[in-house]
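Working notes, beginning with the structure itself.
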Amino acid sequence: MTHVVAISPHLDDAAFSVGGLLAAHARAGDRVTVVTCFTGNVAQPTGFALACQTDKGLGAEVDYMELRRAEDLAACAVIGAAAVHLPFLEAPHRGYGSAPELFAGRRADDGVLGPLTTALAELLDGLAADVVLGPLAIGDHVDHWQVRDALEAVEPGALLWEDWPYLRRSAVRPALPPVRSHRLSTDDRAARTAMCGAYASQLGYQFGGHDAMVREVALVESEQLYRGCRAAS
């Protein structure tokens, strides 16, 4: 049995990007674990952090991260994957104050990389993964870069996925060819669609709704994986 471990920045990135591949491994009898790094709670968020949930139609009284962790458990259950939630805070809770700031590089006072690297090293050692997957950071979201850099420090052989849906709206593409291309079967596509659908709080914001997400997944022919590759315009 192969143990596949996907290191996801947020509670949806792995399913959105490589849900079909994860489903194929699970269907073949492999063990699949999805580790999400930024799932920590902040009591009574304000400002931009609060706006990140209210712009999705969720009131300030909603425990946003608890809701999202529950969605992640439902998504992983679609394929029988294990879910691991690390307690690091998303960028809006680490001082990033607007949407543009999320894509403008690291703040000088953002010290999450060291603790995240240590946590991933300890976790991966315990999980004894055979295949490790993570984000290529297409789209330049700071949380995706923090995970990519931490992962490359502790698991340089990791396979990096094309971040979706950022890939749909980015002019930047990987500079090197993929080292693995997983063509989606009908079963893979159905599983990826069902996993994505479990993240109901994100579908309107990311795609314009559930039906639009289904149409977007239908256009995905394969999931590409890279190693040691930087992006190029």
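Residues are named by chain letter and number: chains run A, B, ... in the order of the structure tokens, numbers start at 1 in each chain, and ligands are numbered from 1 in the order shown.
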Pro9 in chain A environment, 8 Å, only C-alpha atoms, sequence neighbours closer than 6 positions dropped, as a PDB file with all heavy atoms, in the first residue's frame:
```pdb
ATOM      1  N   THR A  36      -3.904  19.898   6.168  1.00  0.00           N
ATOM      2  CA  THR A  36      -4.134  21.313   5.883  1.00  0.00           C
ATOM      3  C   THR A  36      -3.441  22.151   6.941  1.00  0.00           C
ATOM      4  O   THR A  36      -3.595  21.917   8.141  1.00  0.00           O
ATOM      5  CB  THR A  36      -5.629  21.645   5.840  1.00  0.00           C
ATOM      6  OG1 THR A  36      -6.283  20.763   4.921  1.00  0.00           O
ATOM      7  CG2 THR A  36      -5.839  23.080   5.367  1.00  0.00           C
ATOM      8  N   CYS A  37      -2.666  23.126   6.476  1.00  0.00           N
ATOM      9  CA  CYS A  37      -1.769  23.859   7.378  1.00  0.00           C
ATOM     10  C   CYS A  37      -2.450  25.000   8.129  1.00  0.00           C
ATOM     11  O   CYS A  37      -2.239  25.181   9.331  1.00  0.00           O
ATOM     12  CB  CYS A  37      -0.591  24.411   6.580  1.00  0.00           C
ATOM     13  SG  CYS A  37       0.434  23.122   5.825  1.00  0.00           S
ATOM     14  N   PHE A  38      -3.258  25.794   7.429  1.00  0.00           N
ATOM     15  CA  PHE A  38      -3.796  27.011   8.031  1.00  0.00           C
ATOM     16  C   PHE A  38      -5.265  26.814   8.381  1.00  0.00           C
ATOM     17  O   PHE A  38      -6.163  27.148   7.610  1.00  0.00           O
ATOM     18  CB  PHE A  38      -3.606  28.193   7.073  1.00  0.00           C
ATOM     19  CG  PHE A  38      -2.160  28.474   6.758  1.00  0.00           C
ATOM     20  CD1 PHE A  38      -1.634  28.186   5.506  1.00  0.00           C
ATOM     21  CD2 PHE A  38      -1.315  28.999   7.716  1.00  0.00           C
ATOM     22  CE1 PHE A  38      -0.308  28.421   5.215  1.00  0.00           C
ATOM     23  CE2 PHE A  38       0.029  29.240   7.439  1.00  0.00           C
ATOM     24  CZ  PHE A  38       0.539  28.952   6.188  1.00  0.00           C
ATOM     25  N   PRO A 135       1.624  22.484  -3.011  1.00  0.00           N
ATOM     26  CA  PRO A 135       1.290  23.529  -3.986  1.00  0.00           C
ATOM     27  C   PRO A 135       2.501  24.076  -4.736  1.00  0.00           C
ATOM     28  O   PRO A 135       3.572  24.276  -4.156  1.00  0.00           O
ATOM     29  CB  PRO A 135       0.661  24.616  -3.116  1.00  0.00           C
ATOM     30  CG  PRO A 135       1.396  24.480  -1.815  1.00  0.00           C
ATOM     31  CD  PRO A 135       1.635  22.997  -1.630  1.00  0.00           C
ATOM     32  N   ASP A 143       0.123  32.304   1.521  1.00  0.00           N
ATOM     33  CA  ASP A 143       0.025  31.050   2.264  1.00  0.00           C
ATOM     34  C   ASP A 143       0.502  29.862   1.436  1.00  0.00           C
ATOM     35  O   ASP A 143       1.099  28.924   1.964  1.00  0.00           O
ATOM     36  CB  ASP A 143      -1.420  30.804   2.717  1.00  0.00           C
ATOM     37  CG  ASP A 143      -1.813  31.671   3.898  1.00  0.00           C
ATOM     38  OD1 ASP A 143      -0.921  32.241   4.544  1.00  0.00           O
ATOM     39  OD2 ASP A 143      -3.034  31.778   4.173  1.00  0.00           O
ATOM     40  N   HIS A 144       0.256  29.900   0.146  1.00  0.00           N
ATOM     41  CA  HIS A 144       0.721  28.821  -0.730  1.00  0.00           C
ATOM     42  C   HIS A 144       2.247  28.829  -0.806  1.00  0.00           C
ATOM     43  O   HIS A 144       2.885  27.766  -0.803  1.00  0.00           O
ATOM     44  CB  HIS A 144       0.108  28.981  -2.123  1.00  0.00           C
ATOM     45  CG  HIS A 144      -1.364  28.723  -2.157  1.00  0.00           C
ATOM     46  ND1 HIS A 144      -1.973  27.979  -3.156  1.00  0.00           N
ATOM     47  CD2 HIS A 144      -2.369  29.101  -1.335  1.00  0.00           C
ATOM     48  CE1 HIS A 144      -3.272  27.916  -2.931  1.00  0.00           C
ATOM     49  NE2 HIS A 144      -3.537  28.604  -1.830  1.00  0.00           N
ATOM     50  N   VAL A 147       3.758  27.391   2.437  1.00  0.00           N
ATOM     51  CA  VAL A 147       3.701  25.930   2.445  1.00  0.00           C
ATOM     52  C   VAL A 147       4.704  25.346   1.473  1.00  0.00           C
ATOM     53  O   VAL A 147       5.411  24.381   1.789  1.00  0.00           O
ATOM     54  CB  VAL A 147       2.275  25.436   2.133  1.00  0.00           C
ATOM     55  CG1 VAL A 147       2.254  23.924   1.959  1.00  0.00           C
ATOM     56  CG2 VAL A 147       1.325  25.846   3.247  1.00  0.00           C
TER      57      VAL A 147
END
```
Taking the chain letters and numbering used in this document, name the residues of range 17-78 of chain A that DSSP puts in strand (DSSP E), as an NGL selection string. :A and (31-36)
Once you have the residues from the selection above, write them out as an mmCIF file, in the first residue's frame, restricted to N, CA, C and O atoms.
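Final output, saved to out07.cif:
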```
data_model
loop_
_atom_site.group_PDB
_atom_site.id
_atom_site.type_symbol
_atom_site.label_atom_id
_atom_site.label_comp_id
_atom_site.auth_asym_id
_atom_site.auth_seq_id
_atom_site.Cartn_x
_atom_site.Cartn_y
_atom_site.Cartn_z
ATOM 1 N N ARG A 31 -3.415 4.414 0.813
ATOM 2 C CA ARG A 31 -3.775 5.270 1.945
ATOM 3 C C ARG A 31 -3.571 6.719 1.533
ATOM 4 O O ARG A 31 -2.524 7.074 0.974
ATOM 5 N N VAL A 32 -4.558 7.566 1.786
ATOM 6 C CA VAL A 32 -4.487 8.983 1.412
ATOM 7 C C VAL A 32 -4.729 9.831 2.656
ATOM 8 O O VAL A 32 -5.707 9.625 3.384
ATOM 9 N N THR A 33 -3.837 10.784 2.889
ATOM 10 C CA THR A 33 -3.976 11.730 3.997
ATOM 11 C C THR A 33 -3.876 13.144 3.452
ATOM 12 O O THR A 33 -2.964 13.445 2.678
ATOM 13 N N VAL A 34 -4.806 13.985 3.831
ATOM 14 C CA VAL A 34 -4.777 15.399 3.446
ATOM 15 C C VAL A 34 -4.474 16.220 4.689
ATOM 16 O O VAL A 34 -5.252 16.232 5.648
ATOM 17 N N VAL A 35 -3.317 16.884 4.673
ATOM 18 C CA VAL A 35 -2.884 17.730 5.788
ATOM 19 C C VAL A 35 -3.113 19.183 5.391
ATOM 20 O O VAL A 35 -2.575 19.643 4.388
ATOM 21 N N THR A 36 -3.904 19.898 6.168
ATOM 22 C CA THR A 36 -4.134 21.313 5.883
ATOM 23 C C THR A 36 -3.441 22.151 6.941
ATOM 24 O O THR A 36 -3.595 21.917 8.141
#
```
Do you have, as a Markdown table, the list of residues of range 57-128 of chain A lying at most 9 Å from range 195-199 of chain A, each with its nearest atom pair and that distance in Å to one decimal, counting only C-alpha atoms and ordered by chain then number?
```
| residue | atom | partner | partner_atom | distance |
| --- | --- | --- | --- | --- |
| A:Arg68 | CA | A:Tyr199 | CA | 7.2 |
| A:Ala70 | CA | A:Tyr199 | CA | 9.0 |
| A:Glu71 | CA | A:Tyr199 | CA | 5.3 |
| A:Asp72 | CA | A:Tyr199 | CA | 6.9 |
| A:Leu73 | CA | A:Ala198 | CA | 8.8 |
| A:Ala74 | CA | A:Ala198 | CA | 6.1 |
| A:Ala75 | CA | A:Met195 | CA | 4.4 |
| A:Cys76 | CA | A:Met195 | CA | 7.0 |
| A:Ala77 | CA | A:Met195 | CA | 8.4 |
| A:Val78 | CA | A:Met195 | CA | 6.2 |
| A:Ile79 | CA | A:Met195 | CA | 8.1 |
```
Rank A:Leu21, A:Val214, A:Ala82, A:Met65 by their smallest atom-to-atom distance to Leu127 in chain A, using only C-alpha atoms, and report the top residue only.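 Looking at the shortest contact to Leu127 in chain A, the residue is A:Ala82.
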Just checking: using only C-alpha atoms, which residue out of A:Asp13, A:Leu225, A:Ala24, A:Asp149 ends up closest to Ala81 in chain A?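 Looking only at the distances to Ala81 in chain A, the closest residue turns out to be A:Ala24.
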Within 12 Å of Arg183 in chain A using only C-alpha atoms, minus same-chain residues under 3 positions, as a ChimeraX atom specification: /A:18-21,24,180,186-189,219-225
File of the preceding selection, C-alpha atoms, as a PDB file, in the first residue's frame:
```pdb
ATOM      1  CA  VAL A  18      -5.623  17.176  -7.306  1.00  0.00           C
ATOM      2  CA  GLY A  19      -8.898  15.696  -6.158  1.00  0.00           C
ATOM      3  CA  GLY A  20      -8.938  13.314  -9.106  1.00  0.00           C
ATOM      4  CA  LEU A  21      -5.463  11.974  -8.407  1.00  0.00           C
ATOM      5  CA  ALA A  24      -7.572   7.394  -8.012  1.00  0.00           C
ATOM      6  CA  ARG A 180       3.651  13.403 -13.791  1.00  0.00           C
ATOM      7  CA  THR A 186     -14.902   9.464 -15.327  1.00  0.00           C
ATOM      8  CA  ASP A 187     -14.649   8.201 -11.747  1.00  0.00           C
ATOM      9  CA  ASP A 188     -11.814  10.619 -10.936  1.00  0.00           C
ATOM     10  CA  ARG A 189     -13.813  13.563 -12.249  1.00  0.00           C
ATOM     11  CA  LEU A 219     -13.085  21.200 -18.513  1.00  0.00           C
ATOM     12  CA  VAL A 220     -10.114  19.776 -16.592  1.00  0.00           C
ATOM     13  CA  GLU A 221      -8.543  16.968 -18.617  1.00  0.00           C
ATOM     14  CA  SER A 222      -5.590  16.153 -16.368  1.00  0.00           C
ATOM     15  CA  GLU A 223      -3.819  17.137 -13.167  1.00  0.00           C
ATOM     16  CA  GLN A 224      -0.155  18.058 -13.635  1.00  0.00           C
ATOM     17  CA  LEU A 225       2.593  17.630 -11.057  1.00  0.00           C
TER      18      LEU A 225
END
```
Considering only C-alpha atoms, state which residue in the set A:Ala128, A:Leu89, A:Leu160, A:Val142 is at the smallest distance from His3 in chain A. A:Ala128
Counting only C-alpha atoms, the residue of A:Val42, A:Ala119, A:Leu151, A:Ala83 that sits nearest Leu11 in chain A: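 Going through A:Val42, A:Ala119, A:Leu151, A:Ala83 one by one, the smallest distance to Leu11 in chain A is for A:Ala83.
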